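Below: coords.txt (compact mmCIF, C-alpha atoms)
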```
# COMPACT_ATOMS: atom_id res chain seq x y z
CA MET A 1 -27.61 7.84 19.82
CA ASN A 2 -28.77 11.18 18.48
CA VAL A 3 -26.60 14.07 17.34
CA ASP A 4 -27.06 16.03 20.59
CA SER A 5 -25.91 13.15 22.79
CA LEU A 6 -22.99 12.53 20.45
CA LEU A 7 -21.96 16.18 20.79
CA ALA A 8 -22.18 15.85 24.59
CA VAL A 9 -19.88 12.80 24.45
CA TRP A 10 -17.40 14.75 22.28
CA VAL A 11 -17.42 17.70 24.71
CA ALA A 12 -16.87 15.33 27.65
CA TYR A 13 -14.05 13.60 25.76
CA PHE A 14 -12.36 16.95 25.14
CA ALA A 15 -12.83 18.04 28.78
CA VAL A 16 -11.32 14.82 30.15
CA LYS A 17 -8.32 15.08 27.84
CA LEU A 18 -7.74 18.76 28.67
CA GLY A 19 -8.16 18.02 32.38
CA ALA A 20 -5.62 15.20 32.13
CA ARG A 21 -3.12 17.53 30.46
CA ILE A 22 -3.53 20.22 33.12
CA LEU A 23 -3.73 17.98 36.21
CA HIS A 24 -1.48 15.03 35.34
CA PRO A 25 1.01 14.42 38.17
CA ARG A 26 3.95 13.73 35.80
CA GLY A 27 3.26 16.69 33.54
CA ALA A 28 1.50 17.52 30.31
CA ALA A 29 3.72 15.50 27.98
CA ALA A 30 3.31 12.31 30.05
CA SER A 31 -0.45 12.73 30.04
CA TRP A 32 -0.52 12.21 26.27
CA ASP A 33 0.61 8.58 26.60
CA ASP A 34 -1.86 7.90 29.38
CA THR A 35 -4.83 9.48 27.59
CA ALA A 36 -3.89 7.56 24.44
CA LEU A 37 -3.95 4.28 26.41
CA LEU A 38 -7.29 5.23 27.96
CA HIS A 39 -8.61 6.00 24.45
CA ASN A 40 -7.34 2.61 23.18
CA ILE A 41 -9.03 0.71 26.00
CA LEU A 42 -12.27 2.67 25.68
CA SER A 43 -12.29 2.12 21.90
CA VAL A 44 -11.84 -1.63 22.32
CA VAL A 45 -14.64 -1.82 24.91
CA VAL A 46 -17.04 0.30 22.84
CA GLY A 47 -16.09 -1.56 19.65
CA ALA A 48 -16.62 -4.95 21.29
CA TYR A 49 -20.00 -3.84 22.64
CA THR A 50 -20.98 -2.51 19.20
CA ILE A 51 -19.99 -5.75 17.50
CA TRP A 52 -21.82 -7.78 20.13
CA SER A 53 -25.05 -5.78 19.88
CA TYR A 54 -25.07 -5.03 16.15
CA ASP A 55 -28.16 -6.39 14.41
CA ALA A 56 -28.00 -4.90 10.91
CA ASP A 57 -26.45 -6.25 7.73
CA THR A 58 -22.64 -6.27 7.93
CA ALA A 59 -22.39 -4.89 4.41
CA SER A 60 -24.56 -1.83 5.07
CA ALA A 61 -23.27 1.70 5.65
CA CYS A 62 -23.50 3.44 9.01
CA ARG A 63 -25.07 6.52 7.39
CA ALA A 64 -23.81 8.97 10.08
CA PHE A 65 -21.69 9.30 13.22
CA SER A 66 -24.89 9.05 15.25
CA ASP A 67 -25.52 5.50 14.01
CA PRO A 68 -24.86 3.07 16.89
CA ALA A 69 -22.44 1.09 14.70
CA ALA A 70 -20.34 4.20 14.00
CA ILE A 71 -19.46 5.08 17.59
CA VAL A 72 -15.91 3.73 17.26
CA ILE A 73 -15.45 5.73 14.06
CA ALA A 74 -16.71 8.85 15.84
CA MET A 75 -14.30 8.17 18.72
CA GLN A 76 -11.36 8.09 16.30
CA ALA A 77 -12.42 11.45 14.90
CA ILE A 78 -12.77 13.16 18.28
CA HIS A 79 -9.53 11.55 19.49
CA SER A 80 -7.67 13.02 16.53
CA ILE A 81 -9.31 16.44 16.74
CA THR A 82 -8.72 16.78 20.49
CA ASP A 83 -5.09 15.71 20.09
CA PHE A 84 -4.64 18.54 17.55
CA VAL A 85 -6.01 21.02 20.09
CA VAL A 86 -4.86 19.68 23.48
CA TYR A 87 -1.51 18.17 22.46
CA ALA A 88 -0.49 20.52 19.64
CA LYS A 89 3.01 21.03 21.12
CA GLU A 90 3.70 17.31 21.36
CA MET A 91 2.38 16.71 17.87
CA LEU A 92 4.61 19.41 16.42
CA GLU A 93 7.59 17.68 18.03
CA GLN A 94 6.64 14.42 16.26
CA PRO A 95 5.19 15.38 12.83
CA ILE A 96 4.27 11.78 12.01
CA PHE A 97 1.39 12.18 14.44
CA ILE A 98 0.14 15.21 12.50
CA ALA A 99 -0.07 13.06 9.36
CA HIS A 100 -1.59 10.11 11.25
CA HIS A 101 -4.26 12.18 12.98
CA GLY A 102 -4.97 14.26 9.87
CA ILE A 103 -5.60 11.15 7.79
CA LEU A 104 -7.79 9.71 10.55
CA VAL A 105 -9.98 12.82 10.67
CA VAL A 106 -10.57 12.77 6.90
CA ILE A 107 -11.22 9.03 6.83
CA CYS A 108 -13.58 9.14 9.80
CA PHE A 109 -15.80 11.70 8.11
CA VAL A 110 -16.01 9.54 4.96
CA LEU A 111 -16.30 6.05 6.46
CA PRO A 112 -19.87 6.20 7.85
CA THR A 113 -21.22 6.67 4.32
CA CYS A 114 -19.25 3.72 2.93
CA PRO A 115 -20.51 0.12 2.80
CA GLY A 116 -19.23 -2.35 5.37
CA CYS A 117 -19.69 -0.30 8.53
CA MET A 118 -19.43 -3.38 10.74
CA TYR A 119 -16.24 -4.48 9.01
CA THR A 120 -14.84 -1.01 9.68
CA THR A 121 -15.84 -1.32 13.34
CA TRP A 122 -14.05 -4.67 13.56
CA ALA A 123 -10.93 -3.27 11.88
CA MET A 124 -10.80 -0.19 14.12
CA THR A 125 -11.45 -2.18 17.29
CA ILE A 126 -8.69 -4.66 16.51
CA GLY A 127 -6.39 -1.81 15.44
CA GLU A 128 -7.01 -0.04 18.76
CA ALA A 129 -6.19 -3.27 20.63
CA GLY A 130 -2.88 -3.41 18.76
CA SER A 131 -2.14 0.21 19.60
CA ALA A 132 -2.99 -0.51 23.24
CA SER A 133 -0.31 -3.21 23.26
CA ILE A 134 2.29 -0.54 22.45
CA ALA A 135 0.99 1.75 25.20
CA VAL A 136 0.79 -1.05 27.78
CA ASP A 137 4.36 -2.07 27.03
CA ALA A 138 5.53 1.54 27.45
CA LEU A 139 3.70 1.74 30.79
CA TRP A 140 5.14 -1.63 31.80
CA ARG A 141 8.67 -0.34 31.12
CA ARG A 142 7.99 2.99 32.83
CA TYR A 143 7.31 1.15 36.08
CA GLY A 144 10.63 -0.71 35.76
CA PHE A 145 9.41 -4.11 34.66
CA PRO A 146 11.57 -5.96 32.12
CA SER A 147 10.38 -6.20 28.53
CA ARG A 148 12.14 -6.97 25.27
CA GLY A 149 9.06 -5.80 23.40
CA LEU A 150 8.55 -9.10 21.57
CA LYS A 151 4.98 -9.65 22.79
CA ARG A 152 4.12 -6.07 21.89
CA VAL A 153 5.49 -6.40 18.37
CA VAL A 154 3.79 -9.76 17.80
CA PHE A 155 0.42 -8.56 19.13
CA PHE A 156 0.63 -5.30 17.20
CA GLY A 157 1.58 -7.15 14.00
CA TRP A 158 -1.25 -9.68 14.33
CA SER A 159 -3.73 -6.88 15.00
CA ARG A 160 -2.72 -5.26 11.71
CA ALA A 161 -3.02 -8.57 9.86
CA PHE A 162 -6.56 -9.12 11.21
CA SER A 163 -7.47 -5.53 10.36
CA LEU A 164 -6.28 -6.12 6.80
CA TYR A 165 -8.70 -9.06 6.57
CA PHE A 166 -11.63 -6.81 7.47
CA LEU A 167 -10.43 -4.08 5.12
CA TYR A 168 -10.36 -6.73 2.37
CA GLN A 169 -13.99 -7.57 3.23
CA ILE A 170 -14.83 -3.90 2.70
CA VAL A 171 -13.16 -3.98 -0.71
CA LEU A 172 -15.25 -7.04 -1.65
CA ILE A 173 -18.56 -5.29 -0.93
CA THR A 174 -17.60 -1.88 -2.29
CA PRO A 175 -19.15 -1.24 -5.70
CA SER A 176 -16.61 -1.38 -8.48
CA GLN A 177 -18.44 1.31 -10.38
CA THR A 178 -20.29 4.32 -9.00
CA GLU A 179 -22.62 6.57 -10.93
CA PHE A 180 -22.53 10.27 -10.09
CA THR A 181 -25.37 12.50 -11.21
CA LEU A 182 -25.66 16.26 -10.96
CA LEU A 183 -29.27 17.42 -10.72
CA SER A 184 -30.84 20.85 -10.88
CA GLU A 185 -34.52 21.29 -10.19
CA ARG A 186 -34.91 17.52 -10.56
CA LYS A 187 -33.45 17.54 -14.05
CA GLU A 188 -30.27 15.68 -14.84
CA LEU A 189 -27.48 18.04 -15.83
CA LEU A 190 -24.56 15.65 -15.88
CA SER A 191 -24.06 11.94 -15.23
CA PHE A 192 -20.91 9.86 -15.35
CA ASN A 193 -19.59 6.53 -14.08
CA PHE A 194 -16.52 6.34 -11.94
CA PRO A 195 -14.76 2.98 -11.60
```

Once more with this new file: its structure as structure tokens, please.
Amino acid sequence: MNVDSLLAVWVAYFAVKLGARILHPRGAAASWDDTALLHNILSVVVGAYTIWSYDADTASACRAFSDPAAIVIAMQAIHSITDFVVYAKEMLEQPIFIAHHGILVVICFVLPTCPGCMYTTWAMTIGEAGSASIAVDALWRRYGFPSRGLKRVVFFGWSRAFSLYFLYQIVLITPSQTEFTLLSERKELLSFNFP
């Protein structure tokens, strides 16, 4: 996927979310839950496809959002950015979402350059499946079906445990020491190691 097609996907993502807010039959606030569930499902499908079709080294970096392995990472970034724009009112009412989405945006712009892109894709895909369990349970209750929430909590908890495993794999392949060099006109000005 090139940068232009990625931008087109981001614009379409924003348009769908804005359209859902404006046209949702139960109102703007209710559309947030439904678009979040749609995002969760789409992220799991795209993540599963990426994992299935990935043919590079699992320890390598994605290099950029346009890398096929980084699509799920890019989806998290656009999800967070569009929530800031489209659902600003709802986010202000629940400030934890401002922190959550803010951290996601920063992390998503750093992650493609880090080693272990496929491990990140696994962790995000499983994390999105866990988040979907929360949204599905809320939808289940909204339609009047009984639920104590036990399955949701168990599935969500296990998704976080599996994600931790993949995050641990990233730690194992991350260099313990990184050398930073400042160059000017191809001459080294400053070099230092950072553990």

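Computed from the coordinates, the CA of Met118 in chain A to CA of Thr58 in chain A distance equals 5.2 Å.
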
Contacts of Leu42 in chain A at 10 Å (all atoms listed in the file; same-chain gap of 5+ positions) as an MDAnalysis selection string: chainID A and resid 36:37 47:48 72 75 125 128:129

Could you write those residues out with C-alpha atoms, as a PDB file, keeping the file's coordinate frame?
```
ATOM      1  CA  ALA A  36      -3.890   7.560  24.440  1.00  0.00           C
ATOM      2  CA  LEU A  37      -3.950   4.280  26.410  1.00  0.00           C
ATOM      3  CA  GLY A  47     -16.090  -1.560  19.650  1.00  0.00           C
ATOM      4  CA  ALA A  48     -16.620  -4.950  21.290  1.00  0.00           C
ATOM      5  CA  VAL A  72     -15.910   3.730  17.260  1.00  0.00           C
ATOM      6  CA  MET A  75     -14.300   8.170  18.720  1.00  0.00           C
ATOM      7  CA  THR A 125     -11.450  -2.180  17.290  1.00  0.00           C
ATOM      8  CA  GLU A 128      -7.010  -0.040  18.760  1.00  0.00           C
ATOM      9  CA  ALA A 129      -6.190  -3.270  20.630  1.00  0.00           C
TER      10      ALA A 129
END
```

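Closest approach to Asp57 in chain A among A:Pro95, A:Gly144, A:Pro115, A:Gly157 is made by A:Pro115 (distances from only C-alpha atoms).
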
For Arg63 in chain A, the nearest of the candidates A:Val9, A:Leu139, A:Cys117, A:Leu164, counting all atoms listed in the file: A:Cys117

One number please: CA of Leu104 in chain A to CA of Met124 in chain A, in Å, one decimal. 10.9 Å

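Nearest to Ser159 in chain A of all the residues A:Leu172, A:Ala135, A:Cys108, A:Ile126 is A:Ile126, counting all atoms listed in the file.
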
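Comparing the minimum interatomic distances between Phe65 in chain A and each of A:Trp158, A:Phe84, A:Phe97, A:Trp10, counting only C-alpha atoms, we find that A:Trp10 sits nearest.
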